[in-house]
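J.: My structure is below; once you've seen it, I'll send some questions.
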Amino acid sequence: MDDDVRNIVLGVMASAVSGGFGWFSRTYLWRRALRRKQAFFGLPAGSDCLFVVNRQMGGTDASLHRNDAFALLEISTLIKDCGANVQIVTHDTARQGFGERAEFCVGGPVSNTRTTAHLASMLPGVRVDISAEQGPDRGAIVVGGESYRWEKGVAEHVLLARLTTGQGSRPVFLLSGQTATSNQAAARYLAKQHERLARTYGRSSFCVLLKVVNSDAYGPDVTELVADVTEAARTPVAAAV
């Protein structure tokens, strides 16, 4: 074998080894990222999860606001990426506990009775004004001694929480917003920021407050993190005073 042929063979071998190592590295990193995503969402491959949909405020129990439908699509993509299966149920037919299956619950207590139950049992430090009368405090979220008011089309708030009941239990993801737009914003925030949230909180429970800015102009696209309210939200109001 002359030098030219030897050099060609060695070049091909080096390229094959380099390409194989690159493929292995990419596959390893992709699988590691997938395992972390599955662990954060409580969605191992082939598992089942629950998606609890609310009703449109002012509508019938069967009606769903289109922004809440978009939130469902955002989260369905995450579920599909994890290789899990989803069961969609309405808020008034979800008659089961939590911890056995991962759950995504969308909508504030005005439109979702399941949210009301989760707030009472797992986030007792949160209060939401659910009065139907017009006024500056209508829809306000109160937590940690602060009141976050709803200013239609200007500032809309939403609680995004990951809640667990103990070691090994599957999480409940709660997206409790003042509007359907804020629910969708929380779903989009969760889809984009889940890696950062996982690095920050691991598999622990958390509750953060988000604000959708100028939704009349930007829809759910401009969302700010207002505060981590985990401790205040999990502390009963009477004990926090």
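Chain lettering (A, B, ...) mirrors the order of the structure tokens, residue numbering begins at 1 for each chain separately, and ligand numbering begins at 1 in order of display.
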Give me the residues within 10 Å of A:Leu190 as a VMD selection string, counting only C-alpha atoms and dropping any in the same chain fewer than 2 places off.
T.: chain A and resid 74 to 75 78 160 to 161 173 175 184 to 188 192 to 197
J.: Go ahead and dump the residues you just picked, all heavy atoms, as a short mmCIF file (atom, residue, chain, number, x, y, z; two decimals), in the first residue's frame.
T.:
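What landed in part_35.cif:
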```
data_model
loop_
_atom_site.label_atom_id
_atom_site.label_comp_id
_atom_site.auth_asym_id
_atom_site.auth_seq_id
_atom_site.Cartn_x
_atom_site.Cartn_y
_atom_site.Cartn_z
N GLU A 74 -49.81 23.61 23.93
CA GLU A 74 -48.44 23.84 24.41
C GLU A 74 -48.00 22.68 25.31
O GLU A 74 -46.89 22.15 25.17
CB GLU A 74 -48.37 25.15 25.20
CG GLU A 74 -48.72 26.41 24.42
CD GLU A 74 -47.50 27.07 23.79
OE1 GLU A 74 -46.40 26.50 23.88
OE2 GLU A 74 -47.67 28.17 23.22
N ILE A 75 -48.87 22.29 26.22
CA ILE A 75 -48.51 21.25 27.18
C ILE A 75 -48.53 19.87 26.53
O ILE A 75 -47.73 18.99 26.87
CB ILE A 75 -49.45 21.32 28.39
CG1 ILE A 75 -49.21 22.63 29.16
CG2 ILE A 75 -49.24 20.13 29.32
CD1 ILE A 75 -50.19 22.90 30.27
N LEU A 78 -45.20 18.93 25.24
CA LEU A 78 -44.29 18.46 26.28
C LEU A 78 -44.56 17.00 26.61
O LEU A 78 -43.63 16.19 26.77
CB LEU A 78 -44.44 19.31 27.54
CG LEU A 78 -44.02 20.77 27.47
CD1 LEU A 78 -44.40 21.48 28.77
CD2 LEU A 78 -42.53 20.89 27.24
N LEU A 160 -47.97 29.80 38.56
CA LEU A 160 -47.46 28.57 37.97
C LEU A 160 -46.80 27.77 39.09
O LEU A 160 -45.85 28.23 39.71
CB LEU A 160 -46.45 28.87 36.86
CG LEU A 160 -45.68 27.67 36.30
CD1 LEU A 160 -46.63 26.66 35.67
CD2 LEU A 160 -44.63 28.13 35.29
N ALA A 161 -47.32 26.59 39.36
CA ALA A 161 -46.83 25.81 40.49
C ALA A 161 -46.59 24.37 40.10
O ALA A 161 -47.30 23.80 39.26
CB ALA A 161 -47.82 25.87 41.66
N PHE A 173 -49.08 20.11 38.11
CA PHE A 173 -48.70 21.43 37.60
C PHE A 173 -49.98 22.26 37.53
O PHE A 173 -50.93 21.92 36.83
CB PHE A 173 -48.05 21.31 36.22
CG PHE A 173 -46.64 20.79 36.27
CD1 PHE A 173 -46.40 19.42 36.20
CD2 PHE A 173 -45.57 21.65 36.42
CE1 PHE A 173 -45.11 18.92 36.28
CE2 PHE A 173 -44.27 21.16 36.49
CZ PHE A 173 -44.04 19.79 36.42
N LEU A 175 -51.74 25.87 36.71
CA LEU A 175 -51.64 27.11 35.96
C LEU A 175 -52.91 27.89 36.24
O LEU A 175 -53.93 27.71 35.56
CB LEU A 175 -51.48 26.85 34.46
CG LEU A 175 -50.18 26.18 33.98
CD1 LEU A 175 -50.16 24.68 34.32
CD2 LEU A 175 -49.99 26.34 32.48
N GLN A 184 -52.49 30.64 29.06
CA GLN A 184 -51.65 30.25 27.92
C GLN A 184 -50.22 30.73 28.11
O GLN A 184 -49.26 30.01 27.78
CB GLN A 184 -52.21 30.83 26.61
CG GLN A 184 -51.42 30.36 25.39
CD GLN A 184 -51.83 31.08 24.11
OE1 GLN A 184 -52.74 31.92 24.12
NE2 GLN A 184 -51.14 30.78 23.02
N ALA A 185 -50.05 31.93 28.67
CA ALA A 185 -48.71 32.46 28.91
C ALA A 185 -47.94 31.56 29.87
O ALA A 185 -46.74 31.31 29.70
CB ALA A 185 -48.79 33.88 29.45
N ALA A 186 -48.62 31.06 30.90
CA ALA A 186 -47.97 30.17 31.86
C ALA A 186 -47.57 28.85 31.20
O ALA A 186 -46.48 28.32 31.48
CB ALA A 186 -48.90 29.90 33.04
N ALA A 187 -48.42 28.33 30.33
CA ALA A 187 -48.09 27.09 29.61
C ALA A 187 -46.88 27.31 28.71
O ALA A 187 -45.98 26.46 28.65
CB ALA A 187 -49.29 26.63 28.79
N ARG A 188 -46.84 28.44 28.06
CA ARG A 188 -45.71 28.74 27.18
C ARG A 188 -44.43 28.94 28.00
O ARG A 188 -43.35 28.50 27.60
CB ARG A 188 -46.02 29.99 26.35
CG ARG A 188 -44.95 30.34 25.33
CD ARG A 188 -45.47 31.37 24.34
NE ARG A 188 -46.58 30.85 23.55
CZ ARG A 188 -47.21 31.56 22.61
NH1 ARG A 188 -46.85 32.82 22.38
NH2 ARG A 188 -48.18 31.02 21.92
N LYS A 192 -40.96 26.71 27.72
CA LYS A 192 -39.67 27.31 27.38
C LYS A 192 -38.67 27.27 28.52
O LYS A 192 -37.46 27.19 28.30
CB LYS A 192 -39.89 28.76 26.94
CG LYS A 192 -40.60 28.93 25.62
CD LYS A 192 -40.72 30.40 25.24
CE LYS A 192 -41.38 30.58 23.88
NZ LYS A 192 -41.51 32.02 23.51
N GLN A 193 -39.17 27.35 29.75
CA GLN A 193 -38.28 27.51 30.90
C GLN A 193 -38.17 26.27 31.79
O GLN A 193 -37.61 26.36 32.89
CB GLN A 193 -38.76 28.70 31.75
CG GLN A 193 -38.83 30.02 31.03
CD GLN A 193 -37.46 30.52 30.60
OE1 GLN A 193 -36.44 30.20 31.21
NE2 GLN A 193 -37.43 31.33 29.56
N HIS A 194 -38.68 25.13 31.35
CA HIS A 194 -38.69 23.97 32.24
C HIS A 194 -37.29 23.52 32.64
O HIS A 194 -37.06 23.04 33.76
CB HIS A 194 -39.48 22.81 31.62
CG HIS A 194 -38.86 22.24 30.38
ND1 HIS A 194 -37.88 21.27 30.41
CD2 HIS A 194 -39.08 22.50 29.07
CE1 HIS A 194 -37.54 20.95 29.17
NE2 HIS A 194 -38.24 21.68 28.35
N GLU A 195 -36.30 23.69 31.76
CA GLU A 195 -34.94 23.30 32.11
C GLU A 195 -34.39 24.19 33.22
O GLU A 195 -33.76 23.69 34.17
CB GLU A 195 -34.03 23.36 30.88
CG GLU A 195 -34.35 22.29 29.84
CD GLU A 195 -33.39 22.34 28.67
OE1 GLU A 195 -32.53 23.27 28.62
OE2 GLU A 195 -33.47 21.47 27.78
N ARG A 196 -34.62 25.48 33.12
CA ARG A 196 -34.16 26.39 34.16
C ARG A 196 -34.90 26.14 35.47
O ARG A 196 -34.30 26.15 36.55
CB ARG A 196 -34.36 27.85 33.72
CG ARG A 196 -33.80 28.87 34.72
CD ARG A 196 -34.06 30.29 34.26
NE ARG A 196 -35.48 30.60 34.24
CZ ARG A 196 -36.18 30.91 35.34
NH1 ARG A 196 -35.60 30.93 36.53
NH2 ARG A 196 -37.46 31.18 35.25
N LEU A 197 -36.20 25.89 35.38
CA LEU A 197 -36.98 25.59 36.58
C LEU A 197 -36.48 24.30 37.24
O LEU A 197 -36.40 24.21 38.47
CB LEU A 197 -38.46 25.47 36.23
CG LEU A 197 -39.16 26.77 35.82
CD1 LEU A 197 -40.54 26.46 35.24
CD2 LEU A 197 -39.28 27.73 36.99
#
```
J.: Hey, which bits of stretch 111-141 of chain A sit within 12 Å of stretch 81-90 of chain A, and for each residue what's the closest pair of atoms and how far apart in Å (one decimal), counting only C-alpha atoms, rows by chain and increasing number, as a Markdown table?
T.:
```
| residue | atom | partner | partner_atom | distance |
| --- | --- | --- | --- | --- |
| A:Ser111 | CA | A:Thr90 | CA | 10.6 |
| A:Asn112 | CA | A:Thr90 | CA | 8.6 |
| A:Thr113 | CA | A:Thr90 | CA | 9.7 |
| A:Arg114 | CA | A:Thr90 | CA | 9.2 |
| A:Thr115 | CA | A:Thr90 | CA | 11.6 |
```
J.: When DSSP is applied to the backbone of this structure, which of stretch 27-102 of chain A are assigned alpha helix (DSSP H)? Write them out as a ChimeraX atom specification.
T.: /A:27-41,66-81
J.: Please measure the separation of atom CA of A:Arg66 and atom CA of A:Ala180, giving the value in Å to one decimal.
T.: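 Separation between atom CA of A:Arg66 and atom CA of A:Ala180: 8.0 Å.
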J.: Taking the DSSP secondary structure from the backbone, can you list the residues of stretch 40-199 of chain A that are strand (DSSP E), as a compact mmCIF listing (two decimals) with all heavy atoms, in the first residue's frame?
T.:
```
# COMPACT_ATOMS: atom_id res chain seq x y z
N ASP A 48 -49.14 7.53 32.03
CA ASP A 48 -50.37 8.29 31.78
C ASP A 48 -50.37 9.55 32.63
O ASP A 48 -49.85 9.56 33.75
CB ASP A 48 -51.60 7.45 32.12
CG ASP A 48 -51.74 6.23 31.23
OD1 ASP A 48 -51.48 6.35 30.03
OD2 ASP A 48 -52.08 5.15 31.76
N CYS A 49 -50.97 10.60 32.10
CA CYS A 49 -51.13 11.82 32.88
C CYS A 49 -52.52 12.40 32.62
O CYS A 49 -53.22 12.00 31.69
CB CYS A 49 -50.05 12.85 32.54
SG CYS A 49 -50.19 13.61 30.92
N LEU A 50 -52.88 13.33 33.48
CA LEU A 50 -54.22 13.92 33.45
C LEU A 50 -54.11 15.39 33.07
O LEU A 50 -53.26 16.11 33.60
CB LEU A 50 -54.85 13.79 34.83
CG LEU A 50 -56.37 13.95 34.96
CD1 LEU A 50 -57.08 12.82 34.24
CD2 LEU A 50 -56.74 13.96 36.44
N PHE A 51 -54.95 15.81 32.15
CA PHE A 51 -55.04 17.24 31.81
C PHE A 51 -56.45 17.69 32.15
O PHE A 51 -57.42 17.23 31.55
CB PHE A 51 -54.75 17.47 30.33
CG PHE A 51 -54.57 18.93 29.97
CD1 PHE A 51 -53.30 19.46 29.78
CD2 PHE A 51 -55.66 19.78 29.87
CE1 PHE A 51 -53.14 20.80 29.46
CE2 PHE A 51 -55.51 21.11 29.57
CZ PHE A 51 -54.24 21.63 29.37
N VAL A 52 -56.55 18.58 33.14
CA VAL A 52 -57.85 19.05 33.62
C VAL A 52 -58.14 20.40 32.99
O VAL A 52 -57.45 21.38 33.26
CB VAL A 52 -57.87 19.16 35.15
CG1 VAL A 52 -59.26 19.59 35.62
CG2 VAL A 52 -57.48 17.84 35.79
N VAL A 53 -59.16 20.46 32.15
CA VAL A 53 -59.51 21.70 31.47
C VAL A 53 -60.62 22.41 32.22
O VAL A 53 -61.46 21.78 32.88
CB VAL A 53 -59.94 21.45 30.01
CG1 VAL A 53 -58.81 20.87 29.20
CG2 VAL A 53 -61.16 20.55 29.94
N ASN A 85 -48.77 9.45 27.76
CA ASN A 85 -50.13 9.51 27.24
C ASN A 85 -50.96 10.45 28.10
O ASN A 85 -50.75 10.54 29.31
CB ASN A 85 -50.77 8.11 27.26
CG ASN A 85 -49.91 7.08 26.55
OD1 ASN A 85 -49.54 7.25 25.40
ND2 ASN A 85 -49.58 6.01 27.27
N VAL A 86 -51.89 11.15 27.47
CA VAL A 86 -52.68 12.14 28.20
C VAL A 86 -54.17 11.80 28.15
O VAL A 86 -54.68 11.35 27.11
CB VAL A 86 -52.44 13.56 27.64
CG1 VAL A 86 -52.85 13.66 26.17
CG2 VAL A 86 -53.18 14.61 28.47
N GLN A 87 -54.83 11.98 29.27
CA GLN A 87 -56.29 11.87 29.36
C GLN A 87 -56.83 13.25 29.69
O GLN A 87 -56.45 13.84 30.70
CB GLN A 87 -56.71 10.88 30.44
CG GLN A 87 -58.23 10.78 30.61
CD GLN A 87 -58.62 9.92 31.80
OE1 GLN A 87 -57.78 9.37 32.49
NE2 GLN A 87 -59.93 9.82 32.04
N ILE A 88 -57.71 13.76 28.85
CA ILE A 88 -58.28 15.10 29.04
C ILE A 88 -59.64 14.97 29.70
O ILE A 88 -60.51 14.24 29.22
CB ILE A 88 -58.40 15.84 27.69
CG1 ILE A 88 -57.03 15.95 27.02
CG2 ILE A 88 -59.00 17.22 27.89
CD1 ILE A 88 -57.08 16.53 25.62
N VAL A 89 -59.80 15.66 30.83
CA VAL A 89 -61.08 15.63 31.54
C VAL A 89 -61.48 17.06 31.90
O VAL A 89 -60.63 17.94 32.04
CB VAL A 89 -61.00 14.78 32.83
CG1 VAL A 89 -60.69 13.34 32.51
CG2 VAL A 89 -59.99 15.35 33.80
N THR A 90 -62.76 17.29 32.03
CA THR A 90 -63.23 18.60 32.47
C THR A 90 -63.11 18.72 33.98
O THR A 90 -63.10 17.71 34.70
CB THR A 90 -64.69 18.83 32.05
OG1 THR A 90 -65.50 17.78 32.58
CG2 THR A 90 -64.82 18.86 30.53
N ALA A 102 -49.13 12.16 36.90
CA ALA A 102 -48.87 13.58 36.72
C ALA A 102 -50.15 14.26 36.26
O ALA A 102 -50.97 13.66 35.56
CB ALA A 102 -47.75 13.80 35.70
N GLU A 103 -50.29 15.52 36.65
CA GLU A 103 -51.51 16.26 36.32
C GLU A 103 -51.17 17.69 35.90
O GLU A 103 -50.29 18.32 36.49
CB GLU A 103 -52.46 16.29 37.52
CG GLU A 103 -53.72 17.10 37.31
CD GLU A 103 -54.59 17.17 38.55
OE1 GLU A 103 -54.54 16.24 39.38
OE2 GLU A 103 -55.34 18.17 38.70
N PHE A 104 -51.87 18.17 34.90
CA PHE A 104 -51.79 19.56 34.49
C PHE A 104 -53.18 20.15 34.65
O PHE A 104 -54.13 19.69 34.00
CB PHE A 104 -51.31 19.69 33.04
CG PHE A 104 -49.92 19.14 32.82
CD1 PHE A 104 -49.73 17.79 32.55
CD2 PHE A 104 -48.82 19.97 32.90
CE1 PHE A 104 -48.45 17.27 32.35
CE2 PHE A 104 -47.54 19.47 32.71
CZ PHE A 104 -47.35 18.12 32.43
N CYS A 105 -53.31 21.13 35.52
CA CYS A 105 -54.61 21.73 35.83
C CYS A 105 -54.58 23.19 35.41
O CYS A 105 -53.77 23.98 35.92
CB CYS A 105 -54.89 21.59 37.32
SG CYS A 105 -56.53 22.13 37.82
N VAL A 106 -55.45 23.56 34.48
CA VAL A 106 -55.41 24.89 33.87
C VAL A 106 -56.66 25.68 34.22
O VAL A 106 -57.79 25.20 34.07
CB VAL A 106 -55.26 24.79 32.34
CG1 VAL A 106 -55.35 26.16 31.70
CG2 VAL A 106 -53.94 24.13 31.98
N VAL A 126 -52.71 31.26 49.44
CA VAL A 126 -53.18 32.01 48.26
C VAL A 126 -54.67 32.31 48.41
O VAL A 126 -55.45 31.43 48.77
CB VAL A 126 -52.93 31.22 46.96
CG1 VAL A 126 -53.54 31.96 45.77
CG2 VAL A 126 -51.46 31.00 46.75
N ARG A 127 -55.03 33.53 48.12
CA ARG A 127 -56.44 33.92 48.07
C ARG A 127 -56.72 34.57 46.73
O ARG A 127 -55.92 35.38 46.25
CB ARG A 127 -56.78 34.90 49.21
CG ARG A 127 -56.73 34.28 50.60
CD ARG A 127 -57.86 33.28 50.80
NE ARG A 127 -57.84 32.68 52.12
CZ ARG A 127 -57.20 31.56 52.43
NH1 ARG A 127 -56.49 30.92 51.49
NH2 ARG A 127 -57.25 31.05 53.65
N VAL A 128 -57.84 34.22 46.13
CA VAL A 128 -58.24 34.80 44.84
C VAL A 128 -59.64 35.38 45.00
O VAL A 128 -60.55 34.70 45.49
CB VAL A 128 -58.23 33.74 43.71
CG1 VAL A 128 -58.67 34.38 42.40
CG2 VAL A 128 -56.86 33.12 43.57
N ILE A 141 -55.14 38.26 42.89
CA ILE A 141 -54.46 37.17 43.56
C ILE A 141 -53.72 37.76 44.75
O ILE A 141 -52.90 38.68 44.60
CB ILE A 141 -53.46 36.46 42.62
CG1 ILE A 141 -54.21 35.83 41.43
CG2 ILE A 141 -52.67 35.40 43.38
CD1 ILE A 141 -53.29 35.27 40.36
N VAL A 142 -54.02 37.26 45.94
CA VAL A 142 -53.38 37.76 47.16
C VAL A 142 -52.50 36.66 47.74
O VAL A 142 -52.97 35.56 48.02
CB VAL A 142 -54.43 38.19 48.21
CG1 VAL A 142 -53.75 38.73 49.46
CG2 VAL A 142 -55.38 39.23 47.61
N VAL A 143 -51.21 36.96 47.91
CA VAL A 143 -50.27 36.00 48.48
C VAL A 143 -49.12 36.76 49.12
O VAL A 143 -48.65 37.77 48.57
CB VAL A 143 -49.75 35.02 47.38
CG1 VAL A 143 -49.07 35.76 46.25
CG2 VAL A 143 -48.83 33.98 47.98
N GLU A 146 -49.34 40.59 49.60
CA GLU A 146 -49.40 41.44 48.41
C GLU A 146 -50.62 41.07 47.58
O GLU A 146 -50.97 39.89 47.45
CB GLU A 146 -48.14 41.29 47.56
CG GLU A 146 -46.86 41.74 48.24
CD GLU A 146 -46.78 43.26 48.38
OE1 GLU A 146 -47.46 43.96 47.60
OE2 GLU A 146 -46.06 43.72 49.26
N SER A 147 -51.26 42.09 47.02
CA SER A 147 -52.41 41.87 46.14
C SER A 147 -52.01 42.20 44.71
O SER A 147 -51.52 43.30 44.42
CB SER A 147 -53.58 42.76 46.58
OG SER A 147 -54.69 42.57 45.72
N TYR A 148 -52.21 41.25 43.83
CA TYR A 148 -51.85 41.42 42.42
C TYR A 148 -53.14 41.52 41.62
O TYR A 148 -53.83 40.53 41.37
CB TYR A 148 -50.99 40.25 41.95
CG TYR A 148 -49.71 40.10 42.76
CD1 TYR A 148 -49.67 39.27 43.87
CD2 TYR A 148 -48.57 40.83 42.43
CE1 TYR A 148 -48.50 39.15 44.63
CE2 TYR A 148 -47.41 40.71 43.17
CZ TYR A 148 -47.38 39.88 44.27
OH TYR A 148 -46.23 39.76 45.03
N ALA A 155 -52.20 44.29 32.56
CA ALA A 155 -51.43 43.41 33.44
C ALA A 155 -52.33 42.27 33.90
O ALA A 155 -53.37 42.50 34.53
CB ALA A 155 -50.90 44.19 34.64
N GLU A 156 -51.94 41.05 33.57
CA GLU A 156 -52.71 39.86 33.94
C GLU A 156 -51.75 38.88 34.61
O GLU A 156 -50.70 38.57 34.05
CB GLU A 156 -53.37 39.25 32.71
CG GLU A 156 -54.32 40.21 32.01
CD GLU A 156 -54.70 39.75 30.61
OE1 GLU A 156 -54.71 38.53 30.36
OE2 GLU A 156 -54.98 40.62 29.76
N HIS A 157 -52.11 38.40 35.79
CA HIS A 157 -51.22 37.56 36.57
C HIS A 157 -51.65 36.10 36.52
O HIS A 157 -52.82 35.78 36.31
CB HIS A 157 -51.17 38.03 38.02
CG HIS A 157 -50.64 39.43 38.17
ND1 HIS A 157 -51.47 40.54 38.10
CD2 HIS A 157 -49.39 39.89 38.37
CE1 HIS A 157 -50.73 41.64 38.26
NE2 HIS A 157 -49.47 41.27 38.43
N VAL A 158 -50.68 35.23 36.78
CA VAL A 158 -50.95 33.80 36.80
C VAL A 158 -49.97 33.12 37.74
O VAL A 158 -48.79 33.46 37.78
CB VAL A 158 -50.86 33.19 35.38
CG1 VAL A 158 -49.52 33.48 34.73
CG2 VAL A 158 -51.14 31.69 35.39
N LEU A 159 -50.48 32.18 38.52
CA LEU A 159 -49.64 31.34 39.36
C LEU A 159 -49.25 30.08 38.59
O LEU A 159 -50.12 29.40 38.02
CB LEU A 159 -50.38 30.93 40.63
CG LEU A 159 -50.64 32.02 41.67
CD1 LEU A 159 -51.58 31.49 42.76
CD2 LEU A 159 -49.35 32.52 42.29
N LEU A 160 -47.97 29.80 38.56
CA LEU A 160 -47.46 28.57 37.97
C LEU A 160 -46.80 27.77 39.09
O LEU A 160 -45.85 28.23 39.71
CB LEU A 160 -46.45 28.87 36.86
CG LEU A 160 -45.68 27.67 36.30
CD1 LEU A 160 -46.63 26.66 35.67
CD2 LEU A 160 -44.63 28.13 35.29
N ALA A 161 -47.32 26.59 39.36
CA ALA A 161 -46.83 25.81 40.49
C ALA A 161 -46.59 24.37 40.10
O ALA A 161 -47.30 23.80 39.26
CB ALA A 161 -47.82 25.87 41.66
N ARG A 162 -45.55 23.80 40.70
CA ARG A 162 -45.31 22.35 40.64
C ARG A 162 -45.49 21.85 42.06
O ARG A 162 -44.76 22.26 42.97
CB ARG A 162 -43.90 22.04 40.14
CG ARG A 162 -43.58 20.55 40.03
CD ARG A 162 -42.11 20.33 39.69
NE ARG A 162 -41.83 18.95 39.33
CZ ARG A 162 -41.54 17.97 40.20
NH1 ARG A 162 -41.53 18.23 41.50
NH2 ARG A 162 -41.29 16.74 39.77
N LEU A 163 -46.44 20.94 42.26
CA LEU A 163 -46.81 20.52 43.60
C LEU A 163 -46.69 19.01 43.73
O LEU A 163 -47.16 18.27 42.88
CB LEU A 163 -48.25 20.95 43.90
CG LEU A 163 -48.56 22.44 43.68
CD1 LEU A 163 -50.06 22.69 43.76
CD2 LEU A 163 -47.81 23.30 44.69
N VAL A 172 -48.32 17.68 40.40
CA VAL A 172 -49.43 18.44 39.82
C VAL A 172 -48.86 19.77 39.36
O VAL A 172 -48.23 20.48 40.15
CB VAL A 172 -50.55 18.69 40.85
CG1 VAL A 172 -51.59 19.65 40.27
CG2 VAL A 172 -51.21 17.39 41.26
N PHE A 173 -49.08 20.11 38.11
CA PHE A 173 -48.70 21.43 37.60
C PHE A 173 -49.98 22.26 37.53
O PHE A 173 -50.93 21.92 36.83
CB PHE A 173 -48.05 21.31 36.22
CG PHE A 173 -46.64 20.79 36.27
CD1 PHE A 173 -46.40 19.42 36.20
CD2 PHE A 173 -45.57 21.65 36.42
CE1 PHE A 173 -45.11 18.92 36.28
CE2 PHE A 173 -44.27 21.16 36.49
CZ PHE A 173 -44.04 19.79 36.42
N LEU A 174 -49.96 23.35 38.28
CA LEU A 174 -51.13 24.22 38.37
C LEU A 174 -50.85 25.51 37.65
O LEU A 174 -49.85 26.19 37.90
CB LEU A 174 -51.45 24.50 39.85
CG LEU A 174 -52.68 25.34 40.14
CD1 LEU A 174 -53.94 24.62 39.69
CD2 LEU A 174 -52.76 25.66 41.63
N LEU A 175 -51.74 25.87 36.71
CA LEU A 175 -51.64 27.11 35.96
C LEU A 175 -52.91 27.89 36.24
O LEU A 175 -53.93 27.71 35.56
CB LEU A 175 -51.48 26.85 34.46
CG LEU A 175 -50.18 26.18 33.98
CD1 LEU A 175 -50.16 24.68 34.32
CD2 LEU A 175 -49.99 26.34 32.48
N SER A 176 -52.87 28.72 37.26
CA SER A 176 -54.06 29.41 37.75
C SER A 176 -53.96 30.89 37.42
O SER A 176 -53.33 31.66 38.17
CB SER A 176 -54.21 29.19 39.26
OG SER A 176 -55.30 29.92 39.77
N GLY A 177 -54.58 31.30 36.32
CA GLY A 177 -54.47 32.67 35.86
C GLY A 177 -55.73 33.48 36.03
O GLY A 177 -56.82 32.94 36.24
```
J.: Can you work out the spacing between atom CA of A:Gln134 and atom CA of A:Ala69 in Å, to one decimal?
T.: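 Those two atoms sit 26.4 Å apart.
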J.: Set the distance at 10 Å and use only C-alpha atoms: which residues neighbour A:Thr164 once local chain neighbours fewer than 4 positions away are removed? I'd like the list as a compact mmCIF listing (two decimals) with C-alpha atoms, in the first residue's frame.
T.:
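Listed below is the output, out_27.txt:
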```
# COMPACT_ATOMS: atom_id res chain seq x y z
CA PHE A 98 -53.19 13.18 43.12
CA GLY A 99 -49.74 11.63 43.20
CA ALA A 102 -48.87 13.58 36.72
CA MET A 122 -51.62 22.58 48.80
CA GLY A 168 -42.10 9.26 44.65
CA SER A 169 -45.43 10.98 44.00
CA ARG A 170 -46.15 12.40 40.58
CA PRO A 171 -46.44 16.21 40.42
CA VAL A 172 -49.43 18.44 39.82
CA PHE A 173 -48.70 21.43 37.60
CA ARG A 203 -38.09 17.75 41.97
CA SER A 204 -39.32 19.95 44.81
CA SER A 205 -42.57 21.88 44.93
CA PHE A 206 -42.55 25.52 43.87
```
J.: Go through A:His65, A:Gly97, A:Thr235, A:Lys80 one by one, measure the shortest atom-to-atom distance of each to A:Gly46 using only C-alpha atoms, and give the residue with the smallest value.
T.: A:Lys80
